[in-house]
Amino acid sequence: MMWRVMLIGATGAFALVMVLLAAGFLRPGGGAPVSVGAWLGWGGVGFVSTVLLALLAYAFTVGLRLAPTASPGGVTITATAEQWRWRFDYGPLRSGGTEAIMVLPAGRPVVVQVTARDVIHSFWVPRLAGKIDAIPGHVNRLRLQAAAPGEYAGVCAEFCGIGHRSHGFMVLALDEPGWNAFVSGTDPDELSPWTLR
Ligand SMILES: [Cu+2]
C-alpha cells in the first residue's frame, strides 16, 4: 500500500515534468510568460516540498502504525530461544505457555518480545515478518500479523550450535473462536485443523 502511494506520487511529479518538457520542445515560447523567479519559487521549492512533505507525513503515519508497540487490547507474546527450543509465553492472556508452537489470533497485530537464554538466536517467520535477533539479557520487539488462519513455519536464522538446523517452530494463527479457546486453556494440538506437525 505504502509502495503504491509512493509510486503514484513519484509518477505524478515525473509526468508533470515530462509534460512541461514536451511543451517546451513542441511550443517554444507558448503560454503566458513566467519569470525565472516564479519558476524556481513555485516549481522548484513550492511544488517539490509540498509533494515531499505530503509523502513524508504519510510515511510517518504508516510507520507509527507499524511500530512494535503494544496497542490497547493487543496481543503480546514473549518468545524465548534456547539450545534448541522455542518457548512462548502469553503473559496475562493465558496461564500456560507453549513450546515449539506460537499461537496467535489471525487478522490482529501481535507484538512478539524476543529474547534468549544462552546464545544469540534469531526469530524468523518468513511469511509474516523479517528476522529479529534473540539476544540473552535483551528484549527485541517485532510486530507481525497473520492475514488468515493457518500454520506458518518459523526458523532460527542465526547459527546457534550443533542443533541449529532443527531449531525451528510453528506459528498457528487461529480464527476468533479458536483463539478464545486457546486463551482459556485449550491445548494448541486440539485447535489446529492442519496436520503439518
Ligand atoms: Cu537457534
# chains A, B, ... in the order shown; residues from 1 in each chain; ligands from 1
call {"tool": "residues_near_ligand", "arguments": {"ligand": "ligand 1", "cutoff": "10 Å", "atoms": "only C-alpha atoms and all ligand atoms", "output": "PyMOL selection string"}}
result
chain A and resi 81-86+116+118-123+133-134+155-168
call {"tool": "closest_atom_pairs", "arguments": {"of": "region 130-153 of chain A", "to": "region 44-67 of chain A", "cutoff": "12 Å", "atoms": "only C-alpha atoms", "output": "tab-separated table"}}
result
residue	atom	partner	partner_atom	distance
A:Arg141	CA	A:Ala67	CA	9.3
A:Leu142	CA	A:Ala67	CA	8.4
A:Arg143	CA	A:Ala67	CA	7.0
A:Leu144	CA	A:Leu66	CA	8.7
A:Gln145	CA	A:Leu66	CA	10.2
call {"tool": "write_last_selection", "arguments": {"atoms": "C-alpha atoms", "output": "mmCIF file, in the first residue's frame"}}
result
data_model
loop_
_atom_site.group_PDB
_atom_site.id
_atom_site.type_symbol
_atom_site.label_atom_id
_atom_site.label_comp_id
_atom_site.auth_asym_id
_atom_site.auth_seq_id
_atom_site.Cartn_x
_atom_site.Cartn_y
_atom_site.Cartn_z
ATOM 1 C CA ARG A 141 10.286 -6.350 19.763
ATOM 2 C CA LEU A 142 8.774 -7.398 16.470
ATOM 3 C CA ARG A 143 5.302 -6.660 15.221
ATOM 4 C CA LEU A 144 3.638 -9.141 12.928
ATOM 5 C CA GLN A 145 0.197 -10.067 11.724
#
call {"tool": "select_by_dssp", "arguments": {"residues": "chain A", "states": "strand (DSSP E or B)", "output": "PyMOL selection string"}}
result
chain A and resi 75-82+85-89+98-99+101-105+110-116+121-124+132-134+136+140-144+150-156+168-174
call {"tool": "write_last_selection", "arguments": {"atoms": "C-alpha atoms", "output": "CSV table (one decimal), in the first residue's frame"}}
result
chain,number,residue,atom,x,y,z
A,75,VAL,CA,-1.7,-9.3,21.9
A,76,THR,CA,1.9,-9.5,23.3
A,77,ILE,CA,3.8,-12.8,23.2
A,78,THR,CA,7.2,-13.5,24.7
A,79,ALA,CA,9.4,-15.8,22.6
A,80,THR,CA,12.4,-17.2,24.4
A,81,ALA,CA,15.0,-19.2,22.5
A,82,GLU,CA,17.5,-21.6,23.9
A,85,ARG,CA,13.8,-25.0,21.7
A,86,TRP,CA,11.5,-22.1,21.5
A,87,ARG,CA,9.2,-21.2,24.4
A,88,PHE,CA,6.2,-18.9,24.0
A,89,ASP,CA,4.5,-17.1,26.9
A,98,THR,CA,3.6,-23.3,24.7
A,99,GLU,CA,6.7,-24.9,23.3
A,101,ILE,CA,4.4,-23.6,18.6
A,102,MET,CA,3.4,-20.0,18.8
A,103,VAL,CA,-0.3,-19.4,18.8
A,104,LEU,CA,-1.8,-16.1,17.7
A,105,PRO,CA,-5.1,-14.6,16.5
A,110,VAL,CA,0.8,-9.1,17.6
A,111,VAL,CA,3.9,-7.8,19.3
A,112,VAL,CA,6.5,-10.5,19.9
A,113,GLN,CA,9.1,-9.9,22.6
A,114,VAL,CA,12.1,-11.9,21.5
A,115,THR,CA,14.9,-12.9,23.9
A,116,ALA,CA,17.2,-15.9,24.5
A,121,HIS,CA,19.5,-17.0,18.1
A,122,SER,CA,17.2,-15.3,15.6
A,123,PHE,CA,13.5,-15.4,15.3
A,124,TRP,CA,12.2,-15.6,11.8
A,132,ILE,CA,15.0,-10.3,14.6
A,133,ASP,CA,17.8,-11.3,16.9
A,134,ALA,CA,17.1,-13.2,20.1
A,136,PRO,CA,20.4,-13.2,26.1
A,140,ASN,CA,13.8,-7.1,20.9
A,141,ARG,CA,10.3,-6.4,19.8
A,142,LEU,CA,8.8,-7.4,16.5
A,143,ARG,CA,5.3,-6.7,15.2
A,144,LEU,CA,3.6,-9.1,12.9
A,150,GLY,CA,-3.1,-21.2,9.1
A,151,GLU,CA,0.2,-22.5,10.0
A,152,TYR,CA,3.4,-20.6,9.3
A,153,ALA,CA,6.8,-22.2,9.6
A,154,GLY,CA,9.4,-20.4,11.7
A,155,VAL,CA,13.1,-20.9,12.0
A,156,CYS,CA,16.1,-19.9,13.9
A,168,GLY,CA,12.5,-24.3,14.3
A,169,PHE,CA,9.0,-23.7,15.4
A,170,MET,CA,5.5,-23.3,14.0
A,171,VAL,CA,3.1,-20.4,14.2
A,172,LEU,CA,-0.5,-21.3,14.5
A,173,ALA,CA,-2.9,-18.5,13.5
A,174,LEU,CA,-6.4,-19.1,14.7
call {"tool": "select_by_dssp", "arguments": {"residues": "region 2-169 of chain A", "states": "alpha helix (DSSP H)", "output": "ChimeraX atom specification"}}
result
/A:2-26,36-38,48-66
call {"tool": "residues_around", "arguments": {"residues": "Ala181 (chain A)", "least_positions_apart": "3", "cutoff": "12 Å", "atoms": "only C-alpha atoms", "output": "PyMOL selection string"}}
result
chain A and resi 93-94+103-105+174-178+184-192
call {"tool": "write_last_selection", "arguments": {"atoms": "N, CA and C atoms", "output": "PDB file, in the first residue's frame"}}
result
ATOM      1  N   LEU A  93      -2.660 -13.175  29.318  1.00  0.00           N
ATOM      2  CA  LEU A  93      -3.691 -13.704  28.431  1.00  0.00           C
ATOM      3  C   LEU A  93      -3.980 -15.177  28.711  1.00  0.00           C
ATOM      4  N   ARG A  94      -2.911 -15.916  29.069  1.00  0.00           N
ATOM      5  CA  ARG A  94      -3.073 -17.362  29.219  1.00  0.00           C
ATOM      6  C   ARG A  94      -2.077 -17.836  30.268  1.00  0.00           C
ATOM      7  N   VAL A 103       1.063 -19.552  19.181  1.00  0.00           N
ATOM      8  CA  VAL A 103      -0.332 -19.396  18.776  1.00  0.00           C
ATOM      9  C   VAL A 103      -0.695 -17.913  18.801  1.00  0.00           C
ATOM     10  N   LEU A 104      -1.376 -17.462  17.755  1.00  0.00           N
ATOM     11  CA  LEU A 104      -1.802 -16.060  17.720  1.00  0.00           C
ATOM     12  C   LEU A 104      -3.135 -15.941  17.003  1.00  0.00           C
ATOM     13  N   PRO A 105      -3.829 -14.824  17.236  1.00  0.00           N
ATOM     14  CA  PRO A 105      -5.105 -14.610  16.549  1.00  0.00           C
ATOM     15  C   PRO A 105      -4.869 -14.073  15.138  1.00  0.00           C
ATOM     16  N   LEU A 174      -5.047 -18.615  14.576  1.00  0.00           N
ATOM     17  CA  LEU A 174      -6.399 -19.142  14.745  1.00  0.00           C
ATOM     18  C   LEU A 174      -7.446 -18.062  14.488  1.00  0.00           C
ATOM     19  N   ASP A 175      -8.632 -18.503  14.092  1.00  0.00           N
ATOM     20  CA  ASP A 175      -9.736 -17.550  13.985  1.00  0.00           C
ATOM     21  C   ASP A 175     -10.194 -17.186  15.402  1.00  0.00           C
ATOM     22  N   GLU A 176     -11.139 -16.261  15.498  1.00  0.00           N
ATOM     23  CA  GLU A 176     -11.510 -15.724  16.814  1.00  0.00           C
ATOM     24  C   GLU A 176     -11.987 -16.802  17.800  1.00  0.00           C
ATOM     25  N   PRO A 177     -12.888 -17.716  17.392  1.00  0.00           N
ATOM     26  CA  PRO A 177     -13.305 -18.760  18.344  1.00  0.00           C
ATOM     27  C   PRO A 177     -12.140 -19.648  18.773  1.00  0.00           C
ATOM     28  N   GLY A 178     -11.267 -19.973  17.822  1.00  0.00           N
ATOM     29  CA  GLY A 178     -10.103 -20.802  18.145  1.00  0.00           C
ATOM     30  C   GLY A 178      -9.188 -20.110  19.143  1.00  0.00           C
ATOM     31  N   SER A 184      -8.347 -19.640  26.824  1.00  0.00           N
ATOM     32  CA  SER A 184      -8.979 -20.202  28.025  1.00  0.00           C
ATOM     33  C   SER A 184      -8.405 -21.582  28.352  1.00  0.00           C
ATOM     34  N   GLY A 185      -7.304 -21.955  27.711  1.00  0.00           N
ATOM     35  CA  GLY A 185      -6.562 -23.110  28.203  1.00  0.00           C
ATOM     36  C   GLY A 185      -6.515 -24.333  27.302  1.00  0.00           C
ATOM     37  N   THR A 186      -7.228 -24.314  26.180  1.00  0.00           N
ATOM     38  CA  THR A 186      -7.220 -25.485  25.305  1.00  0.00           C
ATOM     39  C   THR A 186      -5.828 -25.711  24.703  1.00  0.00           C
ATOM     40  N   ASP A 187      -5.448 -26.967  24.592  1.00  0.00           N
ATOM     41  CA  ASP A 187      -4.145 -27.307  24.034  1.00  0.00           C
ATOM     42  C   ASP A 187      -4.122 -26.973  22.536  1.00  0.00           C
ATOM     43  N   PRO A 188      -3.032 -26.338  22.052  1.00  0.00           N
ATOM     44  CA  PRO A 188      -2.996 -25.969  20.633  1.00  0.00           C
ATOM     45  C   PRO A 188      -3.135 -27.157  19.690  1.00  0.00           C
ATOM     46  N   ASP A 189      -2.677 -28.339  20.120  1.00  0.00           N
ATOM     47  CA  ASP A 189      -2.785 -29.506  19.238  1.00  0.00           C
ATOM     48  C   ASP A 189      -4.239 -29.825  18.905  1.00  0.00           C
ATOM     49  N   GLU A 190      -5.137 -29.498  19.842  1.00  0.00           N
ATOM     50  CA  GLU A 190      -6.554 -29.783  19.602  1.00  0.00           C
ATOM     51  C   GLU A 190      -7.199 -28.727  18.712  1.00  0.00           C
ATOM     52  N   LEU A 191      -6.510 -27.595  18.553  1.00  0.00           N
ATOM     53  CA  LEU A 191      -7.123 -26.487  17.837  1.00  0.00           C
ATOM     54  C   LEU A 191      -6.694 -26.401  16.395  1.00  0.00           C
ATOM     55  N   SER A 192      -5.622 -27.109  16.037  1.00  0.00           N
ATOM     56  CA  SER A 192      -5.115 -26.979  14.687  1.00  0.00           C
ATOM     57  C   SER A 192      -5.844 -27.910  13.728  1.00  0.00           C
TER      58      SER A 192
END
call {"tool": "atom_distance", "arguments": {"atom1": "CA of Gly97 (chain A)", "atom2": "CA of Asn180 (chain A)"}}
result
15.0 Å
call {"tool": "closest_residue", "arguments": {"among": "A:Gly9, A:Pro109, A:Gly29, A:Gly41", "to": "Ala129 (chain A)", "atoms": "only C-alpha atoms"}}
result
A:Pro109
call {"tool": "decode", "arguments": {"residues": "region 174-186 of chain A", "atoms": "N, CA and C atoms", "output": "CSV table (one decimal), in the first residue's frame"}}
result
chain,number,residue,atom,x,y,z
A,174,LEU,N,-5.0,-18.6,14.6
A,174,LEU,CA,-6.4,-19.1,14.7
A,174,LEU,C,-7.4,-18.1,14.5
A,175,ASP,N,-8.6,-18.5,14.1
A,175,ASP,CA,-9.7,-17.6,14.0
A,175,ASP,C,-10.2,-17.2,15.4
A,176,GLU,N,-11.1,-16.3,15.5
A,176,GLU,CA,-11.5,-15.7,16.8
A,176,GLU,C,-12.0,-16.8,17.8
A,177,PRO,N,-12.9,-17.7,17.4
A,177,PRO,CA,-13.3,-18.8,18.3
A,177,PRO,C,-12.1,-19.6,18.8
A,178,GLY,N,-11.3,-20.0,17.8
A,178,GLY,CA,-10.1,-20.8,18.1
A,178,GLY,C,-9.2,-20.1,19.1
A,179,TRP,N,-9.0,-18.8,18.9
A,179,TRP,CA,-8.1,-18.0,19.8
A,179,TRP,C,-8.7,-18.0,21.2
A,180,ASN,N,-10.0,-17.7,21.3
A,180,ASN,CA,-10.7,-17.7,22.6
A,180,ASN,C,-10.5,-19.0,23.3
A,181,ALA,N,-10.7,-20.1,22.6
A,181,ALA,CA,-10.5,-21.4,23.2
A,181,ALA,C,-9.1,-21.6,23.7
A,182,PHE,N,-8.1,-21.1,22.9
A,182,PHE,CA,-6.7,-21.2,23.3
A,182,PHE,C,-6.4,-20.5,24.5
A,183,VAL,N,-6.9,-19.2,24.6
A,183,VAL,CA,-6.5,-18.4,25.8
A,183,VAL,C,-7.3,-18.9,27.0
A,184,SER,N,-8.3,-19.6,26.8
A,184,SER,CA,-9.0,-20.2,28.0
A,184,SER,C,-8.4,-21.6,28.4
A,185,GLY,N,-7.3,-22.0,27.7
A,185,GLY,CA,-6.6,-23.1,28.2
A,185,GLY,C,-6.5,-24.3,27.3
A,186,THR,N,-7.2,-24.3,26.2
A,186,THR,CA,-7.2,-25.5,25.3
A,186,THR,C,-5.8,-25.7,24.7
